[in-house]
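Asker: Following this line is input-v1.cif, made up of mmCIF, C-alpha atoms and all ligand atoms:
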```
data_start
#
loop_
_atom_site.group_PDB
_atom_site.id
_atom_site.type_symbol
_atom_site.label_atom_id
_atom_site.label_comp_id
_atom_site.auth_asym_id
_atom_site.auth_seq_id
_atom_site.Cartn_x
_atom_site.Cartn_y
_atom_site.Cartn_z
ATOM 1 C CA MET A 103 0.000 0.000 0.000
ATOM 2 C CA PRO A 104 1.448 3.439 -0.857
ATOM 3 C CA LYS A 105 2.683 5.374 2.139
ATOM 4 C CA LEU A 106 0.547 8.284 3.328
ATOM 5 C CA PHE A 107 2.838 11.309 3.565
ATOM 6 C CA VAL A 108 1.603 13.631 6.297
ATOM 7 C CA GLY A 109 4.334 16.263 6.176
ATOM 8 C CA MET A 110 7.805 16.381 7.613
ATOM 9 C CA LYS A 111 8.563 16.994 11.278
ATOM 10 C CA VAL A 112 11.710 18.889 12.285
ATOM 11 C CA PHE A 113 13.458 18.001 15.547
ATOM 12 C CA ARG A 114 16.383 19.703 17.239
ATOM 13 C CA LYS A 115 16.191 17.907 20.585
ATOM 14 C CA THR A 116 17.037 14.246 21.061
ATOM 15 C CA ALA A 117 14.212 13.737 23.582
ATOM 16 C CA ASP A 118 11.604 15.035 21.113
ATOM 17 C CA LEU A 119 12.831 12.792 18.282
ATOM 18 C CA LYS A 120 12.875 9.786 20.631
ATOM 19 C CA ALA A 121 9.287 10.522 21.707
ATOM 20 C CA TYR A 122 8.198 10.714 18.037
ATOM 21 C CA LEU A 123 9.942 7.408 17.220
ATOM 22 C CA LYS A 124 8.689 5.556 20.318
ATOM 23 C CA GLY A 125 6.855 2.372 19.337
ATOM 24 C CA ARG A 126 7.630 2.756 15.613
ATOM 25 C CA LYS A 127 9.011 -0.285 13.838
ATOM 26 C CA ASN A 128 10.505 -0.201 10.355
ATOM 27 C CA VAL A 129 12.508 2.985 10.758
ATOM 28 C CA GLY A 130 15.055 3.842 8.041
ATOM 29 C CA PHE A 131 17.826 6.356 8.626
ATOM 30 C CA VAL A 132 20.134 8.516 6.504
ATOM 31 C CA PRO A 133 22.871 10.341 8.446
ATOM 32 C CA THR A 134 24.219 13.419 6.600
ATOM 33 C CA MET A 135 26.252 16.544 7.223
ATOM 34 C CA GLY A 136 23.868 18.627 5.121
ATOM 35 C CA ALA A 137 24.673 20.629 1.962
ATOM 36 C CA LEU A 138 22.436 18.037 0.355
ATOM 37 C CA HIS A 139 22.891 17.073 -3.297
ATOM 38 C CA GLU A 140 21.497 14.378 -5.577
ATOM 39 C CA GLY A 141 23.781 11.766 -4.022
ATOM 40 C CA HIS A 142 22.068 12.290 -0.654
ATOM 41 C CA LEU A 143 18.653 12.482 -2.302
ATOM 42 C CA SER A 144 19.116 9.025 -3.839
ATOM 43 C CA LEU A 145 19.722 7.637 -0.320
ATOM 44 C CA ILE A 146 16.763 9.519 1.120
ATOM 45 C CA LYS A 147 14.367 8.402 -1.644
ATOM 46 C CA ARG A 148 15.462 4.790 -1.237
ATOM 47 C CA CYS A 149 15.090 5.035 2.553
ATOM 48 C CA ALA A 150 11.594 6.514 2.161
ATOM 49 C CA ASP A 151 10.624 3.763 -0.305
ATOM 50 C CA GLU A 152 11.882 0.894 1.832
ATOM 51 C CA ASN A 153 10.735 1.999 5.308
ATOM 52 C CA GLU A 154 7.569 3.202 6.980
ATOM 53 C CA THR A 155 9.425 6.069 8.646
ATOM 54 C CA CYS A 156 12.381 7.844 7.038
ATOM 55 C CA VAL A 157 14.608 9.832 9.406
ATOM 56 C CA VAL A 158 17.417 12.071 8.111
ATOM 57 C CA SER A 159 19.953 13.796 10.347
ATOM 58 C CA VAL A 160 21.810 16.952 9.336
ATOM 59 C CA PHE A 161 24.772 17.426 11.644
ATOM 60 C CA VAL A 162 28.271 18.666 10.827
ATOM 61 C CA ASN A 163 30.165 16.446 13.231
ATOM 62 C CA PRO A 164 33.190 18.270 14.683
ATOM 63 C CA THR A 165 34.899 15.106 15.967
ATOM 64 C CA GLN A 166 35.517 13.721 12.468
ATOM 65 C CA PHE A 167 37.377 16.801 11.181
ATOM 66 C CA ASN A 168 41.105 16.575 11.757
ATOM 67 C CA ASP A 169 41.484 19.940 9.974
ATOM 68 C CA LYS A 170 39.706 22.763 11.833
ATOM 69 C CA ASN A 171 39.686 24.966 8.712
ATOM 70 C CA ASP A 172 37.862 22.244 6.814
ATOM 71 C CA LEU A 173 35.255 22.197 9.618
ATOM 72 C CA LYS A 174 34.898 25.985 9.487
ATOM 73 C CA ASN A 175 34.541 26.043 5.682
ATOM 74 C CA TYR A 176 32.204 23.059 5.432
ATOM 75 C CA PRO A 177 29.112 24.286 3.508
ATOM 76 C CA ARG A 178 26.042 24.860 5.712
ATOM 77 C CA THR A 179 22.742 25.298 3.852
ATOM 78 C CA GLU A 180 20.014 24.541 6.387
ATOM 79 C CA GLU A 181 17.044 26.166 4.653
ATOM 80 C CA ALA A 182 17.763 24.585 1.277
ATOM 81 C CA ASP A 183 18.375 21.223 3.000
ATOM 82 C CA LEU A 184 14.998 21.339 4.766
ATOM 83 C CA ALA A 185 13.218 22.147 1.493
ATOM 84 C CA LEU A 186 14.929 19.195 -0.241
ATOM 85 C CA LEU A 187 14.111 16.851 2.655
ATOM 86 C CA ARG A 188 10.446 17.918 2.523
ATOM 87 C CA SER A 189 10.171 17.173 -1.188
ATOM 88 C CA ASN A 190 12.026 13.836 -1.132
ATOM 89 C CA GLY A 191 10.015 11.771 1.319
ATOM 90 C CA CYS A 192 11.742 12.480 4.647
ATOM 91 C CA ASP A 193 9.315 12.041 7.581
ATOM 92 C CA ALA A 194 11.551 13.360 10.358
ATOM 93 C CA ALA A 195 14.530 15.691 10.004
ATOM 94 C CA PHE A 196 16.915 15.784 12.963
ATOM 95 C CA LEU A 197 19.104 18.900 13.239
ATOM 96 C CA PRO A 198 20.763 18.725 16.648
ATOM 97 C CA SER A 199 23.295 21.175 18.108
ATOM 98 C CA VAL A 200 26.785 19.984 19.028
ATOM 99 C CA ASP A 201 25.810 20.033 22.732
ATOM 100 C CA GLU A 202 22.790 17.868 21.992
ATOM 101 C CA ILE A 203 24.957 15.131 20.451
ATOM 102 C CA TYR A 204 27.917 15.592 22.784
ATOM 103 C CA PRO A 205 26.576 16.765 26.173
ATOM 104 C CA GLU A 206 29.936 15.535 27.436
ATOM 105 C CA GLU A 207 33.118 15.006 25.460
ATOM 106 C CA ASP A 208 33.114 11.658 23.671
ATOM 107 C CA THR A 209 36.383 10.031 24.708
ATOM 108 C CA ARG A 210 35.730 6.628 23.159
ATOM 109 C CA VAL A 211 38.595 5.265 21.104
ATOM 110 C CA PHE A 212 37.629 2.575 18.597
ATOM 111 C CA ASN A 213 39.960 -0.051 17.247
ATOM 112 C CA PHE A 214 39.017 -1.076 13.736
ATOM 113 C CA GLY A 215 42.288 -2.842 12.979
ATOM 114 C CA ALA A 216 43.711 -3.060 9.464
ATOM 115 C CA ILE A 217 40.692 -1.562 7.637
ATOM 116 C CA ALA A 218 41.353 1.774 9.376
ATOM 117 C CA ASP A 219 45.128 1.707 8.854
ATOM 118 C CA VAL A 220 45.019 2.454 5.125
ATOM 119 C CA MET A 221 43.916 5.236 2.751
ATOM 120 C CA GLU A 222 41.695 7.824 4.538
ATOM 121 C CA GLY A 223 42.522 6.290 7.910
ATOM 122 C CA VAL A 224 46.205 7.148 7.463
ATOM 123 C CA ARG A 225 45.762 10.553 5.789
ATOM 124 C CA ARG A 226 43.061 11.818 8.165
ATOM 125 C CA PRO A 227 44.072 10.677 11.663
ATOM 126 C CA GLY A 228 41.076 10.492 14.013
ATOM 127 C CA HIS A 229 38.564 10.877 11.174
ATOM 128 C CA PHE A 230 37.036 7.410 11.371
ATOM 129 C CA ASN A 231 37.031 7.469 15.158
ATOM 130 C CA GLY A 232 34.886 10.624 14.920
ATOM 131 C CA VAL A 233 32.617 9.016 12.311
ATOM 132 C CA ALA A 234 32.124 5.995 14.590
ATOM 133 C CA GLN A 235 31.421 8.265 17.578
ATOM 134 C CA VAL A 236 28.696 10.220 15.818
ATOM 135 C CA VAL A 237 27.109 7.354 13.873
ATOM 136 C CA SER A 238 26.902 5.195 17.025
ATOM 137 C CA ARG A 239 25.294 8.093 18.935
ATOM 138 C CA LEU A 240 22.795 8.662 16.146
ATOM 139 C CA PHE A 241 22.001 4.920 15.939
ATOM 140 C CA ASP A 242 21.414 4.924 19.729
ATOM 141 C CA ILE A 243 18.906 7.747 19.330
ATOM 142 C CA VAL A 244 17.123 6.647 16.114
ATOM 143 C CA LYS A 245 17.435 2.850 16.536
ATOM 144 C CA PRO A 246 16.955 2.294 12.798
ATOM 145 C CA GLU A 247 16.245 -1.035 11.170
ATOM 146 C CA ARG A 248 18.214 0.090 8.085
ATOM 147 C CA ALA A 249 20.759 2.864 7.517
ATOM 148 C CA TYR A 250 21.831 4.146 4.100
ATOM 149 C CA PHE A 251 25.370 5.199 3.110
ATOM 150 C CA GLY A 252 26.830 6.287 -0.241
ATOM 151 C CA GLU A 253 29.516 4.113 -1.848
ATOM 152 C CA LYS A 254 31.605 7.173 -2.684
ATOM 153 C CA ASP A 255 32.888 6.878 0.889
ATOM 154 C CA PHE A 256 33.891 3.281 0.314
ATOM 155 C CA GLN A 257 36.132 2.915 3.372
ATOM 156 C CA GLN A 258 33.568 4.638 5.618
ATOM 157 C CA ILE A 259 31.041 1.886 4.844
ATOM 158 C CA ALA A 260 33.538 -0.797 5.937
ATOM 159 C CA ILE A 261 34.235 1.151 9.156
ATOM 160 C CA VAL A 262 30.528 1.627 9.926
ATOM 161 C CA LYS A 263 29.841 -2.089 9.343
ATOM 162 C CA GLU A 264 32.672 -3.000 11.705
ATOM 163 C CA MET A 265 31.413 -0.508 14.317
ATOM 164 C CA VAL A 266 27.933 -2.060 14.054
ATOM 165 C CA ARG A 267 29.462 -5.518 14.539
ATOM 166 C CA GLN A 268 31.562 -4.440 17.547
ATOM 167 C CA LEU A 269 28.741 -2.581 19.310
ATOM 168 C CA GLY A 270 26.060 -5.143 18.388
ATOM 169 C CA PHE A 271 23.579 -2.745 16.742
ATOM 170 C CA ALA A 272 20.597 -4.478 15.082
ATOM 171 C CA VAL A 273 20.786 -2.381 11.930
ATOM 172 C CA GLU A 274 21.287 -3.331 8.303
ATOM 173 C CA ILE A 275 23.829 -1.105 6.550
ATOM 174 C CA VAL A 276 22.645 -0.453 3.001
ATOM 175 C CA PRO A 277 25.385 0.730 0.593
ATOM 176 C CA CYS A 278 24.019 2.851 -2.298
ATOM 177 C CA PRO A 279 25.667 3.497 -5.693
ATOM 178 C CA ILE A 280 27.607 6.692 -6.389
ATOM 179 C CA VAL A 281 25.548 9.391 -8.121
ATOM 180 C CA ARG A 282 27.482 11.277 -10.804
ATOM 181 C CA GLU A 283 27.249 14.536 -12.740
ATOM 182 C CA GLU A 284 26.649 14.067 -16.467
ATOM 183 C CA SER A 285 30.410 14.517 -16.874
ATOM 184 C CA GLY A 286 31.027 11.524 -14.589
ATOM 185 C CA LEU A 287 32.292 13.575 -11.615
ATOM 186 C CA ALA A 288 31.011 11.996 -8.380
ATOM 187 C CA LYS A 289 28.456 14.261 -6.682
ATOM 188 C CA SER A 290 29.836 15.741 -3.476
ATOM 189 C CA SER A 291 29.082 18.677 -1.197
ATOM 190 C CA ARG A 292 32.667 19.771 -1.847
ATOM 191 C CA ASN A 293 31.988 20.214 -5.595
ATOM 192 C CA THR A 294 30.307 23.530 -4.750
ATOM 193 C CA LEU A 295 33.753 24.800 -3.682
ATOM 194 C CA LEU A 296 35.137 24.293 -7.238
ATOM 195 C CA SER A 297 34.861 26.938 -9.970
ATOM 196 C CA ALA A 298 32.817 25.967 -13.059
ATOM 197 C CA ASP A 299 36.023 25.403 -15.024
ATOM 198 C CA GLU A 300 37.607 23.289 -12.259
ATOM 199 C CA LYS A 301 34.448 21.223 -12.004
ATOM 200 C CA GLU A 302 34.546 20.502 -15.710
ATOM 201 C CA LYS A 303 38.219 19.512 -15.527
ATOM 202 C CA ALA A 304 37.602 17.296 -12.470
ATOM 203 C CA ALA A 305 35.611 14.957 -14.730
ATOM 204 C CA LEU A 306 39.050 13.631 -15.721
ATOM 205 C CA ILE A 307 39.148 11.658 -12.453
ATOM 206 C CA TYR A 308 36.291 9.304 -13.268
ATOM 207 C CA ARG A 309 37.115 9.231 -16.990
ATOM 208 C CA THR A 310 40.590 7.966 -16.112
ATOM 209 C CA LEU A 311 39.309 5.382 -13.625
ATOM 210 C CA ARG A 312 36.807 4.057 -16.145
ATOM 211 C CA GLU A 313 39.365 3.840 -18.931
ATOM 212 C CA SER A 314 41.754 2.007 -16.648
ATOM 213 C CA VAL A 315 39.158 -0.751 -16.140
ATOM 214 C CA ASN A 316 39.141 -1.371 -19.911
ATOM 215 C CA PHE A 317 42.794 -2.317 -20.091
ATOM 216 C CA ALA A 318 43.359 -3.678 -16.580
ATOM 217 C CA SER A 319 43.598 -7.230 -17.890
ATOM 218 C CA GLU A 320 46.582 -6.322 -20.105
ATOM 219 C CA MET A 321 48.535 -4.577 -17.335
ATOM 220 C CA THR A 322 49.845 -5.398 -13.876
ATOM 221 C CA VAL A 323 48.248 -3.751 -10.833
ATOM 222 C CA ALA A 324 51.341 -1.548 -10.406
ATOM 223 C CA GLN A 325 51.183 -0.429 -14.057
ATOM 224 C CA VAL A 326 47.492 0.496 -13.783
ATOM 225 C CA LYS A 327 48.148 2.464 -10.599
ATOM 226 C CA LYS A 328 50.986 4.387 -12.234
ATOM 227 C CA TRP A 329 48.967 5.089 -15.387
ATOM 228 C CA VAL A 330 46.022 6.471 -13.377
ATOM 229 C CA VAL A 331 48.240 8.697 -11.217
ATOM 230 C CA ASP A 332 50.295 9.980 -14.181
ATOM 231 C CA THR A 333 47.221 10.657 -16.341
ATOM 232 C CA ILE A 334 45.493 12.712 -13.652
ATOM 233 C CA ASN A 335 48.666 14.506 -12.525
ATOM 234 C CA ALA A 336 49.316 15.550 -16.131
ATOM 235 C CA ASN A 337 46.525 18.081 -15.625
ATOM 236 C CA PRO A 338 48.158 21.087 -13.873
ATOM 237 C CA ILE A 339 45.183 21.790 -11.578
ATOM 238 C CA MET A 340 45.144 18.268 -10.128
ATOM 239 C CA GLU A 341 47.303 16.322 -7.728
ATOM 240 C CA VAL A 342 46.629 12.724 -6.751
ATOM 241 C CA GLU A 343 47.108 12.133 -3.036
ATOM 242 C CA TYR A 344 46.835 8.364 -3.374
ATOM 243 C CA TYR A 345 45.485 5.713 -5.691
ATOM 244 C CA GLU A 346 45.166 2.300 -4.068
ATOM 245 C CA ILE A 347 43.884 -0.855 -5.703
ATOM 246 C CA VAL A 348 42.531 -2.955 -2.861
ATOM 247 C CA ASP A 349 40.705 -6.107 -1.887
ATOM 248 C CA GLY A 350 37.163 -4.712 -1.554
ATOM 249 C CA ARG A 351 36.578 -6.737 1.621
ATOM 250 C CA THR A 352 39.805 -6.253 3.606
ATOM 251 C CA LEU A 353 40.746 -2.866 2.034
ATOM 252 C CA GLN A 354 44.351 -4.037 1.844
ATOM 253 C CA SER A 355 46.357 -3.268 -1.320
ATOM 254 C CA ILE A 356 46.727 -6.129 -3.756
ATOM 255 C CA GLU A 357 49.749 -6.890 -5.910
ATOM 256 C CA LYS A 358 48.161 -9.219 -8.456
ATOM 257 C CA TRP A 359 44.647 -9.155 -9.919
ATOM 258 C CA SER A 360 44.229 -12.745 -8.704
ATOM 259 C CA ASP A 361 44.845 -11.690 -5.050
ATOM 260 C CA ALA A 362 41.112 -10.971 -4.550
ATOM 261 C CA ASP A 363 37.779 -11.661 -6.228
ATOM 262 C CA TYR A 364 36.397 -8.225 -5.336
ATOM 263 C CA VAL A 365 38.822 -5.472 -6.389
ATOM 264 C CA VAL A 366 38.270 -1.728 -6.000
ATOM 265 C CA GLY A 367 40.420 1.274 -6.909
ATOM 266 C CA CYS A 368 40.160 4.165 -4.431
ATOM 267 C CA ILE A 369 41.434 7.633 -5.254
ATOM 268 C CA THR A 370 41.850 11.010 -3.597
ATOM 269 C CA VAL A 371 42.739 14.061 -5.674
ATOM 270 C CA TYR A 372 43.400 17.693 -4.721
ATOM 271 C CA CYS A 373 41.735 19.871 -7.303
ATOM 272 C CA GLY A 374 41.852 23.556 -8.225
ATOM 273 C CA GLU A 375 43.118 26.743 -6.650
ATOM 274 C CA LYS A 376 41.627 25.941 -3.235
ATOM 275 C CA ARG A 377 42.975 22.354 -3.421
ATOM 276 C CA ILE A 378 39.546 20.812 -2.826
ATOM 277 C CA ARG A 379 39.922 17.188 -1.779
ATOM 278 C CA LEU A 380 37.809 14.920 -4.006
ATOM 279 C CA ILE A 381 37.403 11.179 -3.560
ATOM 280 C CA ASP A 382 36.067 8.506 -5.882
ATOM 281 C CA ASN A 383 36.349 4.770 -6.503
ATOM 282 C CA ILE A 384 35.721 2.144 -9.137
ATOM 283 C CA ALA A 385 35.328 -1.639 -9.135
ATOM 284 C CA TYR A 386 37.703 -3.718 -11.279
ATOM 285 C CA LYS A 387 36.199 -7.044 -10.189
ATOM 286 C CA ILE A 388 32.945 -7.600 -8.337
HETATM 287 O O1 LIG B 401 29.388 10.668 5.176
HETATM 288 C C1 LIG B 401 29.063 11.630 5.919
HETATM 289 O O2 LIG B 401 28.427 12.604 5.491
HETATM 290 C C2 LIG B 401 29.447 11.609 7.371
HETATM 291 O O3 LIG B 401 30.687 11.008 7.553
HETATM 292 C C3 LIG B 401 28.391 10.961 8.290
HETATM 293 C C4 LIG B 401 28.211 9.495 7.970
HETATM 294 C C5 LIG B 401 27.067 11.691 8.132
HETATM 295 C C6 LIG B 401 28.821 11.067 9.745
HETATM 296 O O4 LIG B 401 28.970 12.387 10.141
#
```
Now, as a test, write the supplied structure out as structure tokens.
Ligand code: PAF
Answerer:
Amino acid sequence: MPKLFVGMKVFRKTADLKAYLKGRKNVGFVPTMGALHEGHLSLIKRCADENETCVVSVFVNPTQFNDKNDLKNYPRTEEADLALLRSNGCDAAFLPSVDEIYPEEDTRVFNFGAIADVMEGVRRPGHFNGVAQVVSRLFDIVKPERAYFGEKDFQQIAIVKEMVRQLGFAVEIVPCPIVREESGLAKSSRNTLLSADEKEKAALIYRTLRESVNFASEMTVAQVKKWVVDTINANPIMEVEYYEIVDGRTLQSIEKWSDADYVVGCITVYCGEKRIRLIDNIAYKI
């Protein structure tokens, strides 16, 4: 039976959201940091389709920023976000203050082992610990049956799944495909920080990844990695921070294509005058 949409509720206090959710089963949840774009909207629409109640949080979580400038400059677009949530099937929007989420400092230190010791985990110390802190707090409040995450943040999904396993949450983590601009550039809140010209040029990232899949079978893993890095770095406004080709389950780098049956290439590139950090990934073997 189609869901009856009775209008979205907006909550800023944990106690009020908990009271609204009390007794509800079949709650789906999309955690976000706002500045919503079509990538988020695909998660929200899917959550609304698959659950009786769709909850979306908008909270720029300070504990996951290892760079305070990045936290300060993170785009905040509350009014536009609320309008998009209203028109995309969200039943309850949760916009807490920092004090509401962290009434006391969260001093928990998670140990995620090898999956956190590579890629983003190495370049952004403390980032995944902060993600685990906030997502676990939000799961405690919302108690969702399903939670939706975008595959652009490939390593984040592995971390969240491990956090769910360690803390014993009864929630299904639902990974959702990357949404792209027509040019192929992965949608991201950070794209708004690029100029129009930089945004156009940044399409090179996905174009290169996709091309590399076509000839992967004729090259070694090391050759593909080098080709991707060199091709992107040949553009003067771009600098690859890392390109890792990993086992999609363990996130550890592979040396030979036969080392894993699920193989993913994960990239981070600094782009443009403001050196905006863009991430993307592509599957070589699924
Ligand atoms: O992916 C994000 O936007 C954030 O890391 C998340 C999951 C909302 C936690 O703050």
Asker: Convert the output of the PyMOL selection byres (((not hetatm)) within 9 of (chain B and resi 401)) on the shown file into explicit residues, formatted as a PyMOL selection string.
Answerer: chain A and resi 132-136+142+159-166+229-230+232-237+251-252+254-255+258-259+262
Asker: Determine the nearest neighbour of Ser189 of chain A from the options A:Ile146, A:Val211, A:Ala272, A:Val315, counting all atoms listed in the file.
Answerer: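 The closest residue to Ser189 of chain A is A:Ile146.
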Asker: Using atom CA of Gln257 of chain A and atom CA of Pro205 of chain A as the two end points, give the distance in Å to one decimal.
Answerer: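 Taking atom CA of Gln257 of chain A and atom CA of Pro205 of chain A, their separation equals 28.3 Å.
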Asker: Residues near Glu202 of chain A, anyone? I mean within 10 Å using all atoms listed in the file, not counting same-chain ones fewer than 6 positions away, as a list of chain:residue names.
Answerer: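 Returned residues: A:Arg114, A:Lys115, A:Thr116, A:Ala117.
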Asker: Could you please take those selected residues and save C-alpha atoms as a PDB file, in the frame of the given file?
Answerer:
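What follows is the written file part-v3.pdb:
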```pdb
ATOM      1  CA  ARG A 114      16.383  19.703  17.239  1.00  0.00           C
ATOM      2  CA  LYS A 115      16.191  17.907  20.585  1.00  0.00           C
ATOM      3  CA  THR A 116      17.037  14.246  21.061  1.00  0.00           C
ATOM      4  CA  ALA A 117      14.212  13.737  23.582  1.00  0.00           C
TER       5      ALA A 117
END
```
Asker: Calculated over all atoms listed in the file, which of the candidates A:Leu306, A:Met221, A:Val326, A:Leu240 has the smallest distance to Leu353 of chain A?
Answerer: A:Met221
Asker: Mind giving me the straight-line distance from atom CA of Asp349 of chain A to atom CA of Tyr364 of chain A in Å, one decimal?
Answerer: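 Computing it gives 5.9 Å between the two atoms.
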